[in-house]
$ cat final.cif   # mmCIF, C-alpha atoms
data_work
loop_
_atom_site.label_atom_id
_atom_site.label_comp_id
_atom_site.auth_asym_id
_atom_site.auth_seq_id
_atom_site.Cartn_x
_atom_site.Cartn_y
_atom_site.Cartn_z
CA MET Y 1 -1.44 -27.49 22.82
CA ALA Y 2 -1.56 -24.22 20.87
CA ALA Y 3 1.76 -23.17 22.41
CA ILE Y 4 3.39 -26.51 21.56
CA VAL Y 5 2.32 -26.31 17.91
CA PHE Y 6 3.56 -22.72 17.69
CA TYR Y 7 7.00 -23.33 19.19
CA ILE Y 8 7.55 -26.44 17.08
CA THR Y 9 6.61 -24.51 13.95
CA LEU Y 10 8.43 -21.24 14.73
CA PRO Y 11 12.00 -22.32 13.84
CA PHE Y 12 10.78 -23.64 10.48
CA ILE Y 13 8.98 -20.34 9.79
CA TYR Y 14 12.15 -18.35 10.50
CA LEU Y 15 14.18 -20.71 8.35
CA LEU Y 16 11.79 -20.06 5.46
CA SER Y 17 12.08 -16.32 5.98
CA ILE Y 18 15.87 -16.26 5.58
CA LEU Y 19 15.99 -18.44 2.47
CA PRO Y 20 17.05 -16.69 -0.77
CA PHE Y 21 14.06 -16.22 -3.06
CA PRO Y 22 15.13 -18.88 -5.63
CA VAL Y 23 15.34 -21.49 -2.84
CA LEU Y 24 12.12 -20.21 -1.30
CA TYR Y 25 10.29 -20.82 -4.58
CA LEU Y 26 11.71 -24.32 -4.85
CA PHE Y 27 10.04 -24.98 -1.52
CA SER Y 28 6.85 -23.39 -2.87
CA ASP Y 29 6.94 -25.83 -5.80
CA PHE Y 30 7.27 -28.71 -3.34
CA LEU Y 31 4.39 -27.30 -1.28
CA PHE Y 32 2.26 -27.14 -4.43
CA PHE Y 33 2.95 -30.82 -5.10
CA VAL Y 34 1.90 -31.74 -1.55
CA LEU Y 35 -1.23 -29.55 -1.37
CA TYR Y 36 -2.50 -29.95 -4.92
CA THR Y 37 -1.37 -33.41 -5.99
CA CYS Y 38 -1.10 -35.38 -2.76
CA ILE Y 39 -3.63 -33.82 -0.37
CA GLY Y 40 -5.97 -32.04 -2.78
CA TYR Y 41 -6.41 -29.19 -0.28
CA ARG Y 42 -9.84 -27.60 -0.90
CA LYS Y 43 -9.60 -28.62 -4.54
CA LYS Y 44 -13.33 -29.41 -4.70
CA VAL Y 45 -14.18 -25.97 -3.28
CA VAL Y 46 -11.90 -24.23 -5.78
CA LEU Y 47 -13.21 -26.17 -8.78
CA GLN Y 48 -16.86 -25.60 -7.81
CA ASN Y 49 -16.26 -21.88 -7.25
CA LEU Y 50 -14.59 -21.61 -10.65
CA ARG Y 51 -17.34 -23.53 -12.45
CA ASN Y 52 -20.03 -21.33 -10.90
CA ALA Y 53 -18.12 -18.13 -11.62
CA PHE Y 54 -17.24 -19.06 -15.21
CA PRO Y 55 -20.06 -21.25 -16.59
CA ASP Y 56 -18.87 -20.65 -20.17
CA LYS Y 57 -15.34 -21.96 -19.59
CA SER Y 58 -14.41 -25.52 -20.50
CA GLU Y 59 -13.26 -28.05 -17.90
CA LYS Y 60 -9.77 -27.80 -19.38
CA GLU Y 61 -9.67 -24.05 -18.80
CA ILE Y 62 -11.16 -24.45 -15.30
CA GLY Y 63 -8.41 -26.97 -14.52
CA ARG Y 64 -5.72 -24.61 -15.83
CA ILE Y 65 -6.96 -21.74 -13.66
CA SER Y 66 -7.18 -24.08 -10.66
CA ARG Y 67 -3.56 -25.21 -11.03
CA ALA Y 68 -2.35 -21.64 -11.53
CA PHE Y 69 -4.29 -20.54 -8.46
CA PHE Y 70 -2.68 -23.21 -6.27
CA HIS Y 71 0.78 -22.23 -7.56
CA ASN Y 72 0.03 -18.62 -6.60
CA LEU Y 73 -1.38 -19.68 -3.23
CA CYS Y 74 1.80 -21.57 -2.35
CA ASP Y 75 3.92 -18.60 -3.42
CA PHE Y 76 1.74 -16.35 -1.28
CA MET Y 77 2.22 -18.58 1.76
CA VAL Y 78 6.02 -18.59 1.60
CA GLU Y 79 6.19 -14.91 0.63
CA THR Y 80 4.14 -14.01 3.71
CA PHE Y 81 6.77 -15.43 6.06
CA LYS Y 82 9.49 -13.57 4.14
CA ILE Y 83 8.09 -10.39 5.77
CA LEU Y 84 9.89 -11.44 8.97
CA THR Y 85 13.33 -10.64 7.52
CA ILE Y 86 12.95 -8.77 4.22
CA SER Y 87 14.57 -5.32 4.13
CA LYS Y 88 12.77 -2.02 3.48
CA LYS Y 89 14.46 -1.73 0.09
CA GLY Y 90 13.57 -5.31 -0.70
CA ILE Y 91 9.84 -4.97 -0.03
CA ILE Y 92 9.62 -1.66 -1.94
CA ARG Y 93 11.43 -3.22 -4.91
CA ARG Y 94 9.34 -6.38 -4.96
CA CYS Y 95 5.97 -4.72 -4.26
CA LYS Y 96 6.22 -1.56 -6.33
CA PHE Y 97 3.73 1.24 -5.79
CA ASN Y 98 2.42 2.62 -9.08
CA GLU Y 99 3.38 6.30 -9.49
CA ALA Y 100 -0.20 7.41 -10.12
CA GLY Y 101 -1.23 5.71 -6.87
CA LEU Y 102 1.51 7.45 -4.91
CA GLU Y 103 0.44 10.79 -6.37
CA LEU Y 104 -3.18 10.09 -5.43
CA PHE Y 105 -2.33 9.49 -1.76
CA ALA Y 106 0.09 12.45 -1.75
CA ARG Y 107 -2.75 14.69 -2.96
CA TYR Y 108 -5.06 13.53 -0.19
CA ALA Y 109 -2.25 14.02 2.35
CA ASN Y 110 -1.69 17.56 1.10
CA GLU Y 111 -5.42 18.19 1.51
CA GLU Y 112 -5.15 16.66 5.02
CA LYS Y 113 -7.80 14.09 4.15
CA SER Y 114 -7.88 10.64 5.67
CA VAL Y 115 -9.07 7.94 3.30
CA ILE Y 116 -10.67 4.53 3.34
CA MET Y 117 -8.91 1.92 1.22
CA VAL Y 118 -10.88 -1.03 -0.05
CA MET Y 119 -9.13 -4.17 -1.35
CA GLY Y 120 -9.82 -7.77 -2.27
CA HIS Y 121 -7.82 -10.95 -1.76
CA ILE Y 122 -5.92 -10.43 -5.01
CA GLY Y 123 -2.18 -10.83 -5.58
CA ASN Y 124 -0.16 -10.59 -2.37
CA TRP Y 125 -2.31 -8.48 -0.06
CA GLU Y 126 0.00 -9.25 2.90
CA TRP Y 127 2.89 -7.44 1.20
CA ALA Y 128 0.79 -4.47 0.11
CA GLY Y 129 0.71 -2.52 3.36
CA HIS Y 130 4.46 -2.33 3.83
CA PRO Y 131 5.35 -0.18 0.78
CA PHE Y 132 2.42 2.07 1.69
CA SER Y 133 3.66 2.55 5.26
CA LEU Y 134 7.17 3.28 4.00
CA LEU Y 135 6.25 5.63 1.15
CA CYS Y 136 3.01 7.43 2.09
CA ARG Y 137 2.35 10.08 4.71
CA GLN Y 138 -0.91 8.59 5.94
CA LYS Y 139 -0.76 6.25 8.91
CA LEU Y 140 -1.88 2.89 7.52
CA VAL Y 141 -4.54 1.18 9.64
CA VAL Y 142 -5.57 -2.36 8.72
CA LEU Y 143 -8.68 -4.07 10.06
CA TYR Y 144 -8.35 -7.76 10.85
CA HIS Y 145 -10.07 -10.74 12.45
CA PRO Y 146 -8.04 -12.07 15.42
CA LEU Y 147 -6.71 -15.63 15.13
CA SER Y 148 -7.80 -18.31 17.58
CA ASN Y 149 -4.17 -19.24 18.37
CA ARG Y 150 -2.84 -16.30 20.40
CA TYR Y 151 0.78 -17.25 19.70
CA PHE Y 152 0.37 -17.13 15.91
CA GLU Y 153 -1.78 -14.03 16.43
CA LYS Y 154 1.17 -12.24 18.06
CA LEU Y 155 3.51 -13.40 15.28
CA MET Y 156 1.19 -12.20 12.49
CA LEU Y 157 0.59 -8.84 14.20
CA GLY Y 158 4.34 -8.36 14.48
CA MET Y 159 4.85 -9.18 10.81
CA ARG Y 160 2.02 -6.94 9.62
CA SER Y 161 3.11 -3.97 11.74
CA ARG Y 162 6.85 -4.34 11.15
CA PHE Y 163 7.17 -1.21 8.99
CA GLY Y 164 4.67 0.97 10.84
CA THR Y 165 1.22 -0.36 9.96
CA LYS Y 166 -1.33 -0.26 12.78
CA MET Y 167 -3.61 -3.28 13.20
CA ILE Y 168 -7.04 -2.98 14.83
CA PRO Y 169 -9.71 -5.69 15.32
CA MET Y 170 -12.70 -5.45 13.00
CA LYS Y 171 -15.19 -5.25 15.87
CA THR Y 172 -13.66 -2.02 17.25
CA ALA Y 173 -12.97 -0.40 13.86
CA PHE Y 174 -15.55 2.39 13.88
CA LYS Y 175 -14.91 3.32 17.51
CA GLU Y 176 -11.17 3.69 16.89
CA MET Y 177 -11.63 5.52 13.60
CA VAL Y 178 -13.84 8.09 15.34
CA ALA Y 179 -11.37 8.44 18.22
CA ASN Y 180 -8.49 8.97 15.76
CA ARG Y 181 -10.33 11.07 13.19
CA LYS Y 182 -7.98 14.04 13.72
CA GLN Y 183 -5.01 11.91 12.58
CA LEU Y 184 -4.08 11.51 8.91
CA THR Y 185 -4.90 7.87 8.21
CA ALA Y 186 -5.63 5.35 5.47
CA THR Y 187 -7.85 2.57 6.81
CA VAL Y 188 -7.94 -0.71 4.90
CA PHE Y 189 -11.13 -2.75 4.49
CA ILE Y 190 -10.93 -6.17 2.79
CA SER Y 191 -14.15 -6.20 0.79
CA ASP Y 192 -14.54 -9.77 -0.44
CA GLN Y 193 -15.09 -11.59 2.84
CA THR Y 194 -18.42 -13.24 3.65
CA PRO Y 195 -20.87 -11.48 6.00
CA MET Y 196 -23.97 -12.96 7.55
CA PRO Y 197 -26.72 -12.88 4.88
CA GLU Y 198 -29.30 -10.92 6.86
CA ASN Y 199 -26.89 -8.00 7.46
CA ALA Y 200 -25.39 -7.89 3.97
CA HIS Y 201 -25.83 -5.93 0.79
CA TRP Y 202 -26.76 -8.48 -1.87
CA THR Y 203 -25.49 -8.17 -5.42
CA THR Y 204 -24.42 -10.25 -8.41
CA PHE Y 205 -20.71 -11.01 -8.29
CA LEU Y 206 -19.00 -13.46 -10.64
CA ASN Y 207 -22.38 -14.69 -11.94
CA GLN Y 208 -23.71 -15.50 -8.46
CA ASP Y 209 -25.90 -13.96 -5.76
CA THR Y 210 -23.32 -12.66 -3.30
CA PRO Y 211 -23.51 -10.97 0.13
CA VAL Y 212 -21.14 -8.04 0.66
CA PHE Y 213 -20.21 -6.25 3.88
CA LYS Y 214 -21.91 -2.86 4.16
CA GLY Y 215 -19.46 -1.60 6.78
CA THR Y 216 -17.06 0.02 4.31
CA GLU Y 217 -19.81 2.18 2.85
CA VAL Y 218 -21.52 2.92 6.17
CA ILE Y 219 -18.32 4.13 7.84
CA ALA Y 220 -17.16 6.04 4.74
CA LYS Y 221 -20.46 7.96 4.65
CA LYS Y 222 -20.51 8.66 8.40
CA LEU Y 223 -16.94 10.00 8.41
CA ASN Y 224 -17.13 11.28 4.79
CA GLN Y 225 -13.66 9.95 4.01
CA PRO Y 226 -12.83 9.39 0.31
CA VAL Y 227 -12.98 5.74 -0.75
CA VAL Y 228 -9.97 4.50 -2.71
CA TYR Y 229 -9.85 1.10 -4.40
CA CYS Y 230 -6.44 -0.63 -4.35
CA CYS Y 231 -5.24 -3.75 -6.11
CA VAL Y 232 -1.97 -5.68 -5.95
CA LYS Y 233 -1.23 -7.24 -9.33
CA LYS Y 234 1.41 -9.89 -9.96
CA VAL Y 235 4.03 -8.77 -12.46
CA LYS Y 236 6.07 -11.97 -12.31
CA ARG Y 237 7.05 -14.46 -9.65
CA GLY Y 238 8.09 -12.57 -6.55
CA TYR Y 239 7.19 -9.14 -7.94
CA TYR Y 240 3.96 -7.16 -7.63
CA GLU Y 241 2.65 -3.71 -8.46
CA MET Y 242 0.07 -1.75 -6.47
CA PHE Y 243 -2.57 0.39 -8.18
CA ALA Y 244 -5.04 2.84 -6.65
CA GLU Y 245 -8.03 4.85 -7.88
CA THR Y 246 -10.71 6.95 -6.21
CA LEU Y 247 -14.21 5.46 -6.17
CA ALA Y 248 -15.98 8.15 -4.15
CA ASP Y 249 -14.46 11.53 -3.29
CA ASP Y 250 -17.54 12.62 -1.33
CA PRO Y 251 -19.15 9.45 0.09
CA ALA Y 252 -21.83 11.35 2.01
CA SER Y 253 -23.40 12.43 -1.28
CA THR Y 254 -23.68 8.91 -2.73
CA ALA Y 255 -26.84 6.81 -2.83
CA ASP Y 256 -27.35 3.81 -0.55
CA GLY Y 257 -25.48 0.82 -1.92
CA GLU Y 258 -23.59 2.84 -4.52
CA ILE Y 259 -20.13 2.56 -2.93
CA THR Y 260 -20.65 -1.12 -2.16
CA GLU Y 261 -21.58 -1.82 -5.78
CA MET Y 262 -18.61 0.19 -7.05
CA HIS Y 263 -15.92 -1.61 -5.07
CA THR Y 264 -17.52 -5.01 -5.71
CA LYS Y 265 -17.62 -4.43 -9.48
CA ARG Y 266 -14.07 -3.07 -9.44
CA THR Y 267 -12.84 -6.19 -7.65
CA GLU Y 268 -14.70 -8.34 -10.17
CA LEU Y 269 -12.93 -6.62 -13.09
CA ASP Y 270 -9.52 -7.40 -11.61
CA ILE Y 271 -10.50 -11.03 -11.02
CA LEU Y 272 -11.70 -11.38 -14.62
CA GLU Y 273 -8.41 -9.91 -15.83
CA CYS Y 274 -6.37 -12.55 -13.95
CA PRO Y 275 -8.63 -15.22 -12.38
CA GLU Y 276 -5.83 -17.23 -10.76
CA SER Y 277 -4.78 -14.22 -8.66
CA TRP Y 278 -7.90 -14.33 -6.44
CA LEU Y 279 -8.47 -16.46 -3.32
CA TRP Y 280 -10.76 -19.18 -4.70
CA SER Y 281 -10.27 -21.55 -1.76
CA HIS Y 282 -12.53 -19.68 0.66
CA ARG Y 283 -16.26 -20.48 0.80
CA ARG Y 284 -17.44 -17.16 -0.59
CA TRP Y 285 -20.90 -18.42 -1.55
CA LYS Y 286 -21.92 -20.52 1.45
CA TYR Y 287 -25.12 -18.49 2.04
CA LYS Y 288 -28.22 -18.10 -0.09
CA ARG Y 289 -29.95 -14.79 -0.70
CA PRO Y 290 -32.82 -14.44 1.83
CA ALA Y 291 -36.30 -14.65 0.31
#
$ encode --input "final.cif" --output "structure tokens"
Amino acid sequence: MAAIVFYITLPFIYLLSILPFPVLYLFSDFLFFVLYTCIGYRKKVVLQNLRNAFPDKSEKEIGRISRAFFHNLCDFMVETFKILTISKKGIIRRCKFNEAGLELFARYANEEKSVIMVMGHIGNWEWAGHPFSLLCRQKLVVLYHPLSNRYFEKLMLGMRSRFGTKMIPMKTAFKEMVANRKQLTATVFISDQTPMPENAHWTTFLNQDTPVFKGTEVIAKKLNQPVVYCCVKKVKRGYYEMFAETLADDPASTADGEITEMHTKRTELDILECPESWLWSHRRWKYKRPA
């Protein structure tokens, strides 16, 4: 059944990828109408997340952010499939790397230091790795959770590694990072996913008790690789800019929980700056803080 669904869907995916951007965004507008107006895809989850995160905002403002989020989500979906056919020049032009960020990674490369990059689900995170792989000297390594459908899994891995990015499963991350520690790498951790509550670092994030993965900090301290926060901000429809800043140059010297708090607070600042750019449709707060 998984194979049937994949092969029925595949021609449509490739058709989307070859559409000119203006036509692609017309389809995105249609997709928004279907998901938001007709189906109401996860609308209750989004609205509840927004109300909890912004208790001082009016229902009108919550509704505005919700609509803007779904518009961005539909754009993100169609833009992701564009990776199949977009050119190197095209992806660099549409997902621009901020000059200060390029200089930061060039400095670490000159010092022959591998780094850990921490990001959130902000802007178009699927596009972000490609300009990095094309412009930076570090080998980009991205951690991911395998998909249940092995056919779509192969397609997504091909898209994500098209310009040189290496993908490794989350469960083997530390083992592979240790094995490859002599290589010059930049390893990406997505920080705003939801860990099991008993193994998490608990903090206050967007006005709520929130569990955060401790793996980024634990691995950074064990390998003593600088931790760099990255964010992909939307400039206008179809165009993004990547920013980067060092959070911890010497992780081994930081206190327990310090790095985790830093990247969580930094993610929160970017969400507050542009709330609709974050992924509000996932169930980020499905667990309660243990007593």
$ resolve_selection --input "final.cif" --expression "the PyMOL selection byres ((chain Y and resi 96-109) around 7)" --output "number ranges by chain"
Y: 92-95, 110-113, 131, 136-138, 240-245
$ resolve_selection --input "final.cif" --expression "the PyMOL selection byres ((chain Y and resi 122) around 8)" --output "mmCIF file with C-alpha atoms, in the coordinates of the input"
data_model
loop_
_atom_site.group_PDB
_atom_site.id
_atom_site.type_symbol
_atom_site.label_atom_id
_atom_site.label_comp_id
_atom_site.auth_asym_id
_atom_site.auth_seq_id
_atom_site.Cartn_x
_atom_site.Cartn_y
_atom_site.Cartn_z
ATOM 1 C CA MET Y 119 -9.130 -4.170 -1.350
ATOM 2 C CA GLY Y 120 -9.820 -7.770 -2.270
ATOM 3 C CA HIS Y 121 -7.820 -10.950 -1.760
ATOM 4 C CA GLY Y 123 -2.180 -10.830 -5.580
ATOM 5 C CA ASN Y 124 -0.160 -10.590 -2.370
ATOM 6 C CA TRP Y 125 -2.310 -8.480 -0.060
ATOM 7 C CA CYS Y 231 -5.240 -3.750 -6.110
ATOM 8 C CA VAL Y 232 -1.970 -5.680 -5.950
ATOM 9 C CA LYS Y 233 -1.230 -7.240 -9.330
ATOM 10 C CA ILE Y 271 -10.500 -11.030 -11.020
ATOM 11 C CA SER Y 277 -4.780 -14.220 -8.660
ATOM 12 C CA TRP Y 278 -7.900 -14.330 -6.440
ATOM 13 C CA LEU Y 279 -8.470 -16.460 -3.320
#
$ closest_residue --input "final.cif" --among "Y:Val188, Y:Met177, Y:Val118, Y:Leu84" --to "Arg266 in chain Y" --atoms "all atoms listed in the file"
Y:Val118
$ residues_around --input "final.cif" --residues "Phe70 in chain Y" --least-positions-apart "2" --cutoff "12 Å" --atoms "only C-alpha atoms" --output "ChimeraX atom specification"
/Y:28-37,40-43,46-47,63-68,72-77,275-281
$ atom_distance --input "final.cif" --atom1 "CA of Met170 in chain Y" --atom2 "CA of Ile190 in chain Y"
10.4 Å
$ build_atoms --input "final.cif" --residues "range 187-210 of chain Y" --atoms "N, CA and C atoms" --output "tab-separated table (two decimals), in the frame of the given file"
chain	number	residue	atom	x	y	z
Y	187	THR	N	-7.33	3.76	6.14
Y	187	THR	CA	-7.85	2.57	6.81
Y	187	THR	C	-8.27	1.54	5.76
Y	188	VAL	N	-7.74	0.34	5.90
Y	188	VAL	CA	-7.94	-0.71	4.90
Y	188	VAL	C	-9.09	-1.64	5.28
Y	189	PHE	N	-10.03	-1.79	4.36
Y	189	PHE	CA	-11.13	-2.75	4.49
Y	189	PHE	C	-10.95	-3.81	3.40
Y	190	ILE	N	-10.95	-5.08	3.78
Y	190	ILE	CA	-10.93	-6.17	2.79
Y	190	ILE	C	-12.39	-6.47	2.44
Y	191	SER	N	-12.74	-6.26	1.18
Y	191	SER	CA	-14.15	-6.20	0.79
Y	191	SER	C	-14.78	-7.53	0.42
Y	192	ASP	N	-13.97	-8.55	0.13
Y	192	ASP	CA	-14.54	-9.77	-0.44
Y	192	ASP	C	-14.66	-10.92	0.56
Y	193	GLN	N	-14.81	-10.58	1.84
Y	193	GLN	CA	-15.09	-11.59	2.84
Y	193	GLN	C	-16.60	-11.83	2.89
Y	194	THR	N	-17.02	-12.82	3.68
Y	194	THR	CA	-18.42	-13.24	3.65
Y	194	THR	C	-19.16	-12.84	4.93
Y	195	PRO	N	-20.08	-11.88	4.83
Y	195	PRO	CA	-20.87	-11.48	6.00
Y	195	PRO	C	-22.07	-12.40	6.20
Y	196	MET	N	-22.73	-12.24	7.33
Y	196	MET	CA	-23.97	-12.96	7.55
Y	196	MET	C	-25.02	-12.43	6.57
Y	197	PRO	N	-25.83	-13.29	5.97
Y	197	PRO	CA	-26.72	-12.88	4.88
Y	197	PRO	C	-27.74	-11.82	5.25
Y	198	GLU	N	-28.23	-11.85	6.49
Y	198	GLU	CA	-29.30	-10.92	6.86
Y	198	GLU	C	-28.78	-9.50	7.06
Y	199	ASN	N	-27.46	-9.34	7.24
Y	199	ASN	CA	-26.89	-8.00	7.46
Y	199	ASN	C	-26.12	-7.50	6.25
Y	200	ALA	N	-26.23	-8.19	5.13
Y	200	ALA	CA	-25.39	-7.89	3.97
Y	200	ALA	C	-26.12	-7.09	2.90
Y	201	HIS	N	-25.32	-6.48	2.04
Y	201	HIS	CA	-25.83	-5.93	0.79
Y	201	HIS	C	-25.69	-7.05	-0.24
Y	202	TRP	N	-26.79	-7.39	-0.90
Y	202	TRP	CA	-26.76	-8.48	-1.87
Y	202	TRP	C	-26.60	-7.93	-3.29
Y	203	THR	N	-25.73	-8.60	-4.05
Y	203	THR	CA	-25.49	-8.17	-5.42
Y	203	THR	C	-25.13	-9.40	-6.26
Y	204	THR	N	-24.91	-9.18	-7.54
Y	204	THR	CA	-24.42	-10.25	-8.41
Y	204	THR	C	-22.94	-10.06	-8.61
Y	205	PHE	N	-22.16	-11.07	-8.23
Y	205	PHE	CA	-20.71	-11.01	-8.29
Y	205	PHE	C	-20.20	-12.33	-8.86
Y	206	LEU	N	-19.49	-12.26	-9.97
Y	206	LEU	CA	-19.00	-13.46	-10.64
Y	206	LEU	C	-20.15	-14.44	-10.92
Y	207	ASN	N	-21.22	-13.91	-11.49
Y	207	ASN	CA	-22.38	-14.69	-11.94
Y	207	ASN	C	-23.17	-15.36	-10.82
Y	208	GLN	N	-23.02	-14.88	-9.58
Y	208	GLN	CA	-23.71	-15.50	-8.46
Y	208	GLN	C	-24.26	-14.46	-7.49
Y	209	ASP	N	-25.39	-14.80	-6.85
Y	209	ASP	CA	-25.90	-13.96	-5.76
Y	209	ASP	C	-24.85	-13.96	-4.65
Y	210	THR	N	-24.44	-12.76	-4.23
Y	210	THR	CA	-23.32	-12.66	-3.30
Y	210	THR	C	-23.59	-11.61	-2.23
